[in-house]
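J.: This is query_18.tsv (TSV, C-alpha atoms and all ligand atoms).
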chain	number	residue	atom	x	y	z
A	1	MET	CA	42.33	27.69	-49.48
A	2	GLN	CA	44.13	28.06	-46.17
A	3	LYS	CA	47.47	26.36	-45.85
A	4	TYR	CA	47.58	25.85	-42.10
A	5	GLY	CA	43.82	25.77	-41.54
A	6	GLY	CA	41.57	27.57	-39.12
A	7	ASN	CA	40.18	24.72	-37.07
A	8	THR	CA	40.60	24.72	-33.31
A	9	THR	CA	42.45	22.12	-31.25
A	10	CYS	CA	41.98	18.41	-31.91
A	11	PHE	CA	44.79	15.83	-32.13
A	12	GLU	CA	44.29	12.16	-32.90
A	13	LEU	CA	46.49	9.17	-32.13
A	14	GLN	CA	45.72	5.99	-34.03
A	15	PHE	CA	46.41	2.49	-32.79
A	16	ASP	CA	45.31	-0.89	-34.18
A	17	LYS	CA	42.56	-1.19	-31.58
A	18	PHE	CA	42.17	2.39	-30.34
A	19	GLN	CA	41.63	5.91	-31.55
A	20	ILE	CA	42.63	8.54	-29.00
A	21	PHE	CA	41.64	12.18	-29.30
A	22	PHE	CA	43.02	15.10	-27.35
A	23	ASP	CA	40.29	17.74	-27.25
A	24	THR	CA	37.46	18.15	-29.69
A	25	GLY	CA	37.87	21.61	-31.15
A	26	SER	CA	36.32	22.28	-34.53
A	27	GLY	CA	38.88	19.92	-36.12
A	28	PHE	CA	37.02	17.00	-34.53
A	29	GLN	CA	34.14	17.30	-36.98
A	30	ASN	CA	36.40	15.92	-39.75
A	31	ALA	CA	37.66	12.89	-37.81
A	32	SER	CA	36.52	9.42	-38.91
A	33	LEU	CA	35.62	7.39	-35.85
A	34	GLU	CA	35.95	3.68	-36.53
A	35	SER	CA	33.32	1.31	-35.19
A	36	ASN	CA	35.83	-1.55	-34.78
A	37	LYS	CA	38.05	0.50	-32.45
A	38	GLU	CA	37.71	1.78	-28.91
A	39	ILE	CA	37.49	5.57	-29.07
A	40	LEU	CA	38.87	7.66	-26.23
A	41	ILE	CA	38.65	11.41	-25.83
A	42	PHE	CA	40.85	13.19	-23.29
A	43	PHE	CA	40.02	16.80	-22.55
A	44	SER	CA	42.77	19.20	-21.47
A	45	HIS	CA	40.10	21.67	-20.30
A	46	PHE	CA	36.72	22.96	-21.39
A	47	HIS	CA	37.31	26.29	-23.04
A	48	HIS	CA	35.10	26.80	-26.05
A	49	ASP	CA	37.83	26.23	-28.63
A	50	HIS	CA	38.61	22.77	-27.19
A	51	ILE	CA	35.10	21.32	-27.07
A	52	GLN	CA	33.11	23.07	-29.81
A	53	GLY	CA	33.53	20.31	-32.43
A	54	LEU	CA	32.15	17.50	-30.28
A	55	ALA	CA	28.58	17.70	-31.52
A	56	PHE	CA	29.48	17.93	-35.19
A	57	ASN	CA	31.13	14.58	-35.74
A	58	LYS	CA	28.60	12.38	-37.49
A	59	TYR	CA	30.29	9.17	-36.27
A	60	LEU	CA	30.00	10.15	-32.61
A	61	LEU	CA	26.26	10.28	-33.06
A	62	ALA	CA	26.12	6.86	-34.77
A	63	SER	CA	25.22	4.00	-32.43
A	64	GLU	CA	27.94	1.66	-33.85
A	65	THR	CA	30.80	3.71	-32.38
A	66	LYS	CA	31.73	3.39	-28.72
A	67	THR	CA	33.36	6.46	-27.22
A	68	CYS	CA	34.71	7.02	-23.73
A	69	ILE	CA	35.30	10.60	-22.53
A	70	SER	CA	37.76	11.37	-19.75
A	71	SER	CA	39.71	14.30	-18.29
A	72	ALA	CA	42.23	14.76	-15.51
A	73	LEU	CA	40.60	18.16	-14.86
A	74	ALA	CA	37.15	16.84	-13.90
A	75	ASN	CA	35.68	13.59	-12.59
A	76	SER	CA	33.20	11.74	-14.76
A	77	GLU	CA	30.16	13.35	-13.12
A	78	ASN	CA	31.41	16.91	-13.56
A	79	LEU	CA	32.68	16.16	-17.05
A	80	ASN	CA	29.22	14.98	-18.02
A	81	LYS	CA	27.64	18.08	-16.42
A	82	ILE	CA	30.02	20.55	-18.11
A	83	LEU	CA	29.65	19.11	-21.61
A	84	ARG	CA	25.93	18.54	-21.28
A	85	TYR	CA	25.41	22.15	-20.18
A	86	TYR	CA	27.37	23.43	-23.16
A	87	PHE	CA	25.48	21.26	-25.64
A	88	SER	CA	21.94	22.05	-24.47
A	89	GLY	CA	19.65	24.84	-23.27
A	90	ASP	CA	20.69	28.34	-24.30
A	91	TYR	CA	23.77	27.11	-26.12
A	92	PHE	CA	22.60	24.29	-28.35
A	93	PRO	CA	19.35	23.41	-30.15
A	94	LEU	CA	19.03	20.01	-28.47
A	95	ASP	CA	20.30	18.13	-25.44
A	96	LEU	CA	23.17	16.33	-27.16
A	97	PHE	CA	23.84	13.71	-24.52
A	98	GLU	CA	20.24	12.83	-23.82
A	99	ASN	CA	20.23	10.01	-26.34
A	100	LEU	CA	23.90	9.27	-26.72
A	101	GLY	CA	24.00	5.80	-25.17
A	102	ASN	CA	27.18	4.95	-27.04
A	103	VAL	CA	29.15	7.67	-25.22
A	104	THR	CA	30.36	7.06	-21.67
A	105	PHE	CA	32.21	9.22	-19.13
A	106	SER	CA	35.04	7.85	-17.03
A	107	ASP	CA	37.22	9.17	-14.20
A	108	PHE	CA	40.76	9.71	-15.41
A	109	THR	CA	42.37	7.27	-12.95
A	110	ALA	CA	39.87	4.55	-13.94
A	111	THR	CA	40.61	5.20	-17.62
A	112	GLN	CA	44.34	4.99	-16.96
A	113	LYS	CA	43.89	1.64	-15.23
A	114	SER	CA	41.67	0.21	-17.95
A	115	LEU	CA	44.30	1.00	-20.59
A	116	ARG	CA	47.30	-0.31	-18.66
A	117	ASP	CA	47.65	-3.49	-20.72
A	118	HIS	CA	47.85	-1.48	-23.93
A	119	PHE	CA	49.70	1.76	-23.13
A	120	ARG	CA	50.40	4.18	-20.30
A	121	VAL	CA	48.56	7.49	-20.13
A	122	GLU	CA	49.84	10.17	-17.74
A	123	ALA	CA	48.62	13.70	-17.03
A	124	ILE	CA	50.40	16.87	-15.94
A	125	LYS	CA	48.84	20.02	-14.50
A	126	LEU	CA	49.45	23.04	-16.74
A	127	ALA	CA	49.14	26.78	-16.12
A	128	HIS	CA	45.94	28.12	-17.67
A	129	PRO	CA	42.99	30.17	-16.39
A	130	GLY	CA	40.46	27.66	-15.03
A	131	GLY	CA	43.02	24.85	-15.18
A	132	SER	CA	44.29	22.57	-17.91
A	133	PHE	CA	46.07	19.20	-18.13
A	134	GLY	CA	48.63	17.91	-20.59
A	135	TYR	CA	48.85	14.21	-21.42
A	136	SER	CA	51.42	11.65	-22.46
A	137	VAL	CA	50.79	8.29	-24.08
A	138	MET	CA	53.55	5.70	-23.94
A	139	THR	CA	53.80	2.32	-25.60
A	140	ASP	CA	56.83	0.04	-25.24
A	141	ASN	CA	58.83	2.08	-27.72
A	142	LYS	CA	56.91	5.27	-28.54
A	143	LYS	CA	55.87	8.35	-26.62
A	144	PHE	CA	53.50	11.16	-27.56
A	145	VAL	CA	52.92	14.29	-25.46
A	146	PHE	CA	50.16	16.88	-25.76
A	147	LEU	CA	50.66	20.19	-23.91
A	148	CYS	CA	47.75	22.53	-24.63
A	149	ASP	CA	46.82	25.04	-23.21
A	150	ASN	CA	49.73	26.22	-21.11
A	151	GLU	CA	51.30	29.51	-20.07
A	152	PHE	CA	54.87	28.36	-19.63
A	153	THR	CA	56.90	29.60	-16.68
A	154	THR	CA	60.42	28.53	-15.76
A	155	SER	CA	59.00	27.13	-12.50
A	156	GLN	CA	57.45	24.37	-14.63
A	157	SER	CA	60.74	23.45	-16.28
A	158	GLU	CA	61.91	20.54	-14.14
A	159	GLU	CA	58.58	18.73	-13.96
A	160	LEU	CA	57.81	19.38	-17.59
A	161	LYS	CA	61.23	18.13	-18.70
A	162	LYS	CA	60.66	14.84	-16.93
A	163	PHE	CA	57.20	14.60	-18.45
A	164	VAL	CA	58.37	15.06	-22.05
A	165	GLU	CA	61.65	13.15	-21.74
A	166	LYS	CA	62.41	11.02	-24.81
A	167	ALA	CA	59.05	11.81	-26.42
A	168	ASP	CA	58.90	11.13	-30.14
A	169	VAL	CA	56.34	13.89	-30.70
A	170	VAL	CA	55.35	16.81	-28.46
A	171	ILE	CA	52.54	19.27	-29.15
A	172	TRP	CA	53.50	22.68	-27.75
A	173	ASP	CA	51.16	25.64	-27.21
A	174	GLY	CA	52.93	28.37	-29.19
A	175	MET	CA	50.03	30.75	-29.64
A	176	PHE	CA	52.12	33.89	-29.33
A	177	THR	CA	55.47	35.20	-30.41
A	178	LYS	CA	57.88	36.47	-27.78
A	179	GLU	CA	56.93	40.03	-28.71
A	180	GLU	CA	53.17	39.38	-28.45
A	181	LEU	CA	53.54	37.62	-25.11
A	182	ARG	CA	54.72	40.88	-23.52
A	183	THR	CA	51.13	42.16	-23.58
A	184	LYS	CA	49.41	38.78	-23.20
A	185	ALA	CA	50.51	37.69	-19.73
A	186	GLY	CA	47.64	35.86	-18.01
A	187	TRP	CA	46.00	34.72	-21.24
A	188	GLY	CA	47.17	31.18	-20.58
A	189	HIS	CA	49.43	30.59	-23.57
A	190	SER	CA	53.13	30.31	-24.31
A	191	SER	CA	55.32	31.63	-27.08
A	192	ILE	CA	57.04	29.84	-29.92
A	193	GLU	CA	60.41	31.08	-28.64
A	194	GLN	CA	59.74	29.62	-25.17
A	195	GLY	CA	59.21	26.25	-26.87
A	196	ILE	CA	62.49	26.57	-28.76
A	197	ASP	CA	64.36	27.49	-25.55
A	198	PHE	CA	62.71	24.74	-23.52
A	199	PHE	CA	63.43	21.94	-25.98
A	200	SER	CA	67.03	23.04	-26.59
A	201	THR	CA	68.01	21.10	-23.46
A	202	VAL	CA	65.52	18.23	-23.70
A	203	ASN	CA	65.89	15.00	-25.63
A	204	CYS	CA	62.76	14.86	-27.81
A	205	GLY	CA	61.94	14.00	-31.41
A	206	GLN	CA	59.56	16.28	-33.26
A	207	ILE	CA	58.05	19.38	-31.71
A	208	ILE	CA	54.78	20.58	-33.19
A	209	ILE	CA	53.96	24.21	-32.47
A	210	SER	CA	50.21	24.47	-32.22
A	211	HIS	CA	47.29	26.67	-31.13
A	212	HIS	CA	48.28	29.40	-33.60
A	213	ALA	CA	46.83	32.82	-32.75
A	214	PRO	CA	43.53	33.17	-34.65
A	215	TYR	CA	44.72	36.35	-36.36
A	216	ARG	CA	47.89	34.71	-37.71
A	217	THR	CA	47.93	34.59	-41.52
A	218	ASP	CA	49.40	31.83	-43.70
A	219	ALA	CA	52.11	34.24	-44.82
A	220	GLU	CA	53.09	34.95	-41.20
A	221	LEU	CA	53.09	31.26	-40.38
A	222	ASP	CA	55.26	30.52	-43.43
A	223	LYS	CA	57.75	33.10	-42.20
A	224	ILE	CA	57.77	31.59	-38.70
A	225	ASN	CA	58.11	28.09	-40.18
A	226	GLN	CA	61.27	29.08	-42.04
A	227	SER	CA	62.84	30.39	-38.86
A	228	LEU	CA	62.22	27.24	-36.78
A	229	PRO	CA	65.17	25.05	-35.76
A	230	TYR	CA	65.54	21.46	-36.96
A	231	GLY	CA	62.94	19.15	-35.39
A	232	PHE	CA	60.28	21.87	-35.08
A	233	GLN	CA	57.26	22.32	-37.29
A	234	LEU	CA	53.95	24.18	-37.24
A	235	ALA	CA	50.70	22.27	-36.78
A	236	LYS	CA	48.68	22.10	-39.97
A	237	ASP	CA	45.07	21.09	-40.39
A	238	GLY	CA	44.82	17.43	-41.46
A	239	HIS	CA	48.55	16.78	-41.19
A	240	VAL	CA	49.41	13.10	-40.64
A	241	LEU	CA	52.62	11.95	-38.94
A	242	GLY	CA	53.97	8.40	-38.89
A	243	LEU	CA	55.47	7.21	-35.61
B	1	ZN	ZN	42.05	27.51	-22.99
B	2	ZN	ZN	42.71	27.00	-26.32
Go ahead and express the file in the form of structure tokens.
T.:
Amino acid sequence: MQKYGGNTTCFELQFDKFQIFFDTGSGFQNASLESNKEILIFFSHFHHDHIQGLAFNKYLLASETKTCISSALANSENLNKILRYYFSGDYFPLDLFENLGNVTFSDFTATQKSLRDHFRVEAIKLAHPGGSFGYSVMTDNKKFVFLCDNEFTTSQSEELKKFVEKADVVIWDGMFTKEELRTKAGWGHSSIEQGIDFFSTVNCGQIIISHHAPYRTDAELDKINQSLPYGFQLAKDGHVLGL
């Protein structure tokens, strides 16, 4: 059995009345959507590895659950078009959204407004081929930040520092090592070492290094894990954190 898991990107935030998901990679198929909660999905972008799990969650397809999909990268109409295209025609055996009356699409600014009484959701433009947005969710005393996928450059530093300031948990795209990144410029991902450098001057709680390179073995990840500074850890499939 794999220690860190091989599923693609999907993070969940649980609240008493809400379940919030960031991307629906293959990890999404294992998520339990609760019918007594409002379910929100925020997409960073629409690369295959961030949407592929959407159709395979049995709760999403059940009429009792109510799910709202939103993204700072596309308005509700385009979001609907993009996902519907991917889950139909040449790519999928049926038209997934044809009969999904319990799933709605919402413009990001409208979603932000509708949630204002409960928590604040903000978005930040990231550097990634085709575009990508990171998100933060803030309650009165907690802050969570999701930053996938992003090819970090020092020009982002100031804005990104403000965005993550005082976050309790930050998800960082650390797909590559510093060495690997030398030949992977333009692929849209950062290194683990860039994350360590960046957070050395920022006041944050736990940093989760995520989006591990698909070829990375458990043994390699164990080795990396041992070398991480205090406050850093590697994302693991099914890992639950208390906030
Ligand atoms: Zn991507
Ligand atoms: Zn990705």
J.: Within 12 Å of region 140-156 of chain A, which residues of region 23-97 of chain A show up? Give each one with its shortest atom-to-atom distance in Å (one decimal) and the two atoms involved, counting all atoms listed in the file, rows by chain then rising residue number, as CSV.
T.:
residue,atom,partner,partner_atom,distance
A:Asp23,CA,A:Cys148,CA,9.2
A:Gly25,CA,A:Cys148,CA,11.9
A:Phe42,CA,A:Phe146,CA,10.3
A:Phe43,CA,A:Cys148,CA,9.8
A:Ser44,CA,A:Cys148,CA,6.8
A:His45,CA,A:Asp149,CA,8.1
A:Phe46,CA,A:Asp149,CA,10.5
A:His47,CA,A:Asp149,CA,9.6
A:Asp49,CA,A:Asp149,CA,10.6
A:His50,CA,A:Asp149,CA,9.4
J.: Rounded to one decimal, what separation in Å do you get between CA of Thr183 (chain A) and CA of Thr8 (chain A)?
T.: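 Computed distance, CA of Thr183 (chain A) to CA of Thr8 (chain A), equals 22.6 Å.
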J.: Quick one: of A:Ile51, A:Leu40, A:Val202, A:Val169, who's nearest to ligand ZN 2 (chain B), counting all atoms listed in the file?
T.: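 Going through A:Ile51, A:Leu40, A:Val202, A:Val169 one by one, the smallest distance to ligand ZN 2 (chain B) is for A:Ile51.
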J.: Residues within 8 Å of region 97-104 of chain A, please, as a short mmCIF file (atom, residue, chain, number, x, y, z; two decimals) with C-alpha atoms, keeping the file's coordinate frame. Count all atoms listed in the file; anything in the same chain fewer than 3 positions from it doesn't count.
T.:
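Output below, filename selection25.cif:
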data_model
loop_
_atom_site.label_atom_id
_atom_site.label_comp_id
_atom_site.auth_asym_id
_atom_site.auth_seq_id
_atom_site.Cartn_x
_atom_site.Cartn_y
_atom_site.Cartn_z
CA LEU A 60 30.00 10.15 -32.61
CA LEU A 61 26.26 10.28 -33.06
CA SER A 63 25.22 4.00 -32.43
CA GLU A 64 27.94 1.66 -33.85
CA THR A 65 30.80 3.71 -32.38
CA LYS A 66 31.73 3.39 -28.72
CA THR A 67 33.36 6.46 -27.22
CA CYS A 68 34.71 7.02 -23.73
CA ILE A 69 35.30 10.60 -22.53
CA ARG A 84 25.93 18.54 -21.28
CA PHE A 87 25.48 21.26 -25.64
#
J.: Return as JSON the box centre and box size in Å, one decimal, for an axis-aligned box around all listed atoms of region 5-21 of chain A padded by 8 Å per side.
T.:
{"center_x": 43.3, "center_y": 13.2, "center_z": -35.3, "size_x": 22.3, "size_y": 44.8, "size_z": 28.5}
J.: What does the distance between CA of Phe92 (chain A) and CA of Leu79 (chain A) come to in Å, to one decimal place?
T.: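 Going from CA of Phe92 (chain A) over to CA of Leu79 (chain A), I get 17.2 Å.
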J.: In terms of the shortest atom-to-atom distance over only C-alpha atoms, which of A:Tyr85, A:Trp172, A:Phe28, A:Phe15 is closest to Gln52 (chain A)?
T.: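 The shortest atom-to-atom distance to Gln52 (chain A) comes from A:Phe28.
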J.: From the set A:His118, A:Lys162, A:His48, A:Lys184, which residue has the shortest atom-to-atom contact distance to ligand ZN 1 (chain B), counting all atoms listed in the file?
T.: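 Between A:His118, A:Lys162, A:His48, A:Lys184, the residue approaching ligand ZN 1 (chain B) most closely is A:His48.
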J.: Nearest to ligand ZN 1 (chain B): which of A:Lys178, A:His128, A:Lys236, A:Lys17 is it, counting all atoms listed in the file?
T.: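 Counting all atoms listed in the file, the residue closest to ligand ZN 1 (chain B) is A:His128.
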J.: From the set A:Met175, A:Asp95, A:Ser114, A:Tyr86, which residue has the shortest atom-to-atom contact distance to Pro214 (chain A), counting all atoms listed in the file?
T.: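 Distance minimum relative to Pro214 (chain A) lands on A:Met175.
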J.: Considering all atoms listed in the file, state which residue in the set A:Ala31, A:Ile41, A:Leu54, A:Ala127 is at the smallest distance from ligand ZN 1 (chain B).
T.: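 Checking each candidate against ligand ZN 1 (chain B), we get A:Ala127 as the closest.
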J.: Which residues, protein or nucleic acid, reach to within 7 Å of (48.4, 26.5, -33.1) in the file's coordinates when using all atoms listed in the file, and can you give that as a list in words?
T.: Asp173, Gly174, Met175, Ile209, Ser210, His211, His212, Ala213 and Ala235 of chain A
J.: Measure the distance from CA of Ser157 (chain A) to CA of Gln112 (chain A) in Å and round it to one decimal.
T.: 24.7 Å
J.: Leaving out Ser106 (chain A) and any residue of its chain fewer than 3 positions from it, which residues lie within 8 Å of it when counting all atoms listed in the file, given as a list in words?
T.: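 The residues that qualify are Cys68, Ile69, Ser70, Asn75, Ser76, Ala110 and Thr111 of chain A.
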J.: Please rebuild region 208-229 of chain A with N, CA, C and O atoms and return the result as a PDB file, keeping the file's coordinate frame.
T.:
ATOM      1  N   ILE A 208      55.809  19.953 -32.341  1.00  0.00           N
ATOM      2  CA  ILE A 208      54.780  20.580 -33.190  1.00  0.00           C
ATOM      3  C   ILE A 208      54.258  21.814 -32.461  1.00  0.00           C
ATOM      4  O   ILE A 208      53.660  21.701 -31.386  1.00  0.00           O
ATOM      5  N   ILE A 209      54.480  22.964 -33.052  1.00  0.00           N
ATOM      6  CA  ILE A 209      53.960  24.210 -32.470  1.00  0.00           C
ATOM      7  C   ILE A 209      52.508  24.363 -32.896  1.00  0.00           C
ATOM      8  O   ILE A 209      52.200  24.388 -34.099  1.00  0.00           O
ATOM      9  N   SER A 210      51.644  24.475 -31.903  1.00  0.00           N
ATOM     10  CA  SER A 210      50.210  24.470 -32.220  1.00  0.00           C
ATOM     11  C   SER A 210      49.483  25.650 -31.570  1.00  0.00           C
ATOM     12  O   SER A 210      50.106  26.516 -30.975  1.00  0.00           O
ATOM     13  N   HIS A 211      48.147  25.614 -31.684  1.00  0.00           N
ATOM     14  CA  HIS A 211      47.290  26.670 -31.130  1.00  0.00           C
ATOM     15  C   HIS A 211      47.704  28.042 -31.663  1.00  0.00           C
ATOM     16  O   HIS A 211      47.836  29.010 -30.904  1.00  0.00           O
ATOM     17  N   HIS A 212      47.891  28.127 -32.978  1.00  0.00           N
ATOM     18  CA  HIS A 212      48.280  29.400 -33.600  1.00  0.00           C
ATOM     19  C   HIS A 212      47.253  30.481 -33.253  1.00  0.00           C
ATOM     20  O   HIS A 212      46.052  30.207 -33.217  1.00  0.00           O
ATOM     21  N   ALA A 213      47.739  31.702 -33.042  1.00  0.00           N
ATOM     22  CA  ALA A 213      46.830  32.820 -32.750  1.00  0.00           C
ATOM     23  C   ALA A 213      45.827  32.931 -33.902  1.00  0.00           C
ATOM     24  O   ALA A 213      46.205  32.794 -35.067  1.00  0.00           O
ATOM     25  N   PRO A 214      44.548  33.161 -33.589  1.00  0.00           N
ATOM     26  CA  PRO A 214      43.530  33.170 -34.650  1.00  0.00           C
ATOM     27  C   PRO A 214      43.756  34.221 -35.720  1.00  0.00           C
ATOM     28  O   PRO A 214      43.281  34.081 -36.853  1.00  0.00           O
ATOM     29  N   TYR A 215      44.481  35.273 -35.376  1.00  0.00           N
ATOM     30  CA  TYR A 215      44.720  36.350 -36.360  1.00  0.00           C
ATOM     31  C   TYR A 215      45.949  36.079 -37.234  1.00  0.00           C
ATOM     32  O   TYR A 215      46.245  36.836 -38.137  1.00  0.00           O
ATOM     33  N   ARG A 216      46.658  34.993 -36.982  1.00  0.00           N
ATOM     34  CA  ARG A 216      47.890  34.710 -37.710  1.00  0.00           C
ATOM     35  C   ARG A 216      47.574  34.293 -39.150  1.00  0.00           C
ATOM     36  O   ARG A 216      46.783  33.374 -39.360  1.00  0.00           O
ATOM     37  N   THR A 217      48.204  34.940 -40.121  1.00  0.00           N
ATOM     38  CA  THR A 217      47.930  34.590 -41.520  1.00  0.00           C
ATOM     39  C   THR A 217      48.863  33.474 -41.984  1.00  0.00           C
ATOM     40  O   THR A 217      49.891  33.199 -41.349  1.00  0.00           O
ATOM     41  N   ASP A 218      48.525  32.856 -43.115  1.00  0.00           N
ATOM     42  CA  ASP A 218      49.400  31.830 -43.700  1.00  0.00           C
ATOM     43  C   ASP A 218      50.782  32.400 -43.979  1.00  0.00           C
ATOM     44  O   ASP A 218      51.793  31.728 -43.776  1.00  0.00           O
ATOM     45  N   ALA A 219      50.812  33.631 -44.481  1.00  0.00           N
ATOM     46  CA  ALA A 219      52.110  34.240 -44.820  1.00  0.00           C
ATOM     47  C   ALA A 219      52.965  34.406 -43.561  1.00  0.00           C
ATOM     48  O   ALA A 219      54.172  34.124 -43.585  1.00  0.00           O
ATOM     49  N   GLU A 220      52.343  34.809 -42.464  1.00  0.00           N
ATOM     50  CA  GLU A 220      53.090  34.950 -41.200  1.00  0.00           C
ATOM     51  C   GLU A 220      53.583  33.592 -40.703  1.00  0.00           C
ATOM     52  O   GLU A 220      54.705  33.451 -40.228  1.00  0.00           O
ATOM     53  N   LEU A 221      52.706  32.601 -40.833  1.00  0.00           N
ATOM     54  CA  LEU A 221      53.090  31.260 -40.380  1.00  0.00           C
ATOM     55  C   LEU A 221      54.218  30.690 -41.236  1.00  0.00           C
ATOM     56  O   LEU A 221      55.134  30.047 -40.730  1.00  0.00           O
ATOM     57  N   ASP A 222      54.169  30.960 -42.531  1.00  0.00           N
ATOM     58  CA  ASP A 222      55.260  30.520 -43.430  1.00  0.00           C
ATOM     59  C   ASP A 222      56.590  31.119 -42.976  1.00  0.00           C
ATOM     60  O   ASP A 222      57.610  30.439 -42.933  1.00  0.00           O
ATOM     61  N   LYS A 223      56.527  32.394 -42.634  1.00  0.00           N
ATOM     62  CA  LYS A 223      57.750  33.100 -42.200  1.00  0.00           C
ATOM     63  C   LYS A 223      58.286  32.474 -40.903  1.00  0.00           C
ATOM     64  O   LYS A 223      59.477  32.218 -40.756  1.00  0.00           O
ATOM     65  N   ILE A 224      57.372  32.215 -39.977  1.00  0.00           N
ATOM     66  CA  ILE A 224      57.770  31.590 -38.700  1.00  0.00           C
ATOM     67  C   ILE A 224      58.357  30.203 -38.976  1.00  0.00           C
ATOM     68  O   ILE A 224      59.391  29.821 -38.437  1.00  0.00           O
ATOM     69  N   ASN A 225      57.683  29.465 -39.861  1.00  0.00           N
ATOM     70  CA  ASN A 225      58.110  28.090 -40.180  1.00  0.00           C
ATOM     71  C   ASN A 225      59.563  28.059 -40.665  1.00  0.00           C
ATOM     72  O   ASN A 225      60.345  27.185 -40.278  1.00  0.00           O
ATOM     73  N   GLN A 226      59.901  29.031 -41.494  1.00  0.00           N
ATOM     74  CA  GLN A 226      61.270  29.080 -42.040  1.00  0.00           C
ATOM     75  C   GLN A 226      62.315  29.372 -40.967  1.00  0.00           C
ATOM     76  O   GLN A 226      63.490  29.050 -41.135  1.00  0.00           O
ATOM     77  N   SER A 227      61.884  30.005 -39.894  1.00  0.00           N
ATOM     78  CA  SER A 227      62.840  30.390 -38.860  1.00  0.00           C
ATOM     79  C   SER A 227      62.990  29.314 -37.763  1.00  0.00           C
ATOM     80  O   SER A 227      63.795  29.466 -36.851  1.00  0.00           O
ATOM     81  N   LEU A 228      62.188  28.258 -37.844  1.00  0.00           N
ATOM     82  CA  LEU A 228      62.220  27.240 -36.780  1.00  0.00           C
ATOM     83  C   LEU A 228      63.465  26.361 -36.882  1.00  0.00           C
ATOM     84  O   LEU A 228      63.901  26.031 -37.980  1.00  0.00           O
ATOM     85  N   PRO A 229      64.022  25.965 -35.733  1.00  0.00           N
ATOM     86  CA  PRO A 229      65.170  25.050 -35.760  1.00  0.00           C
ATOM     87  C   PRO A 229      64.766  23.660 -36.247  1.00  0.00           C
ATOM     88  O   PRO A 229      63.568  23.339 -36.298  1.00  0.00           O
TER      89      PRO A 229
END
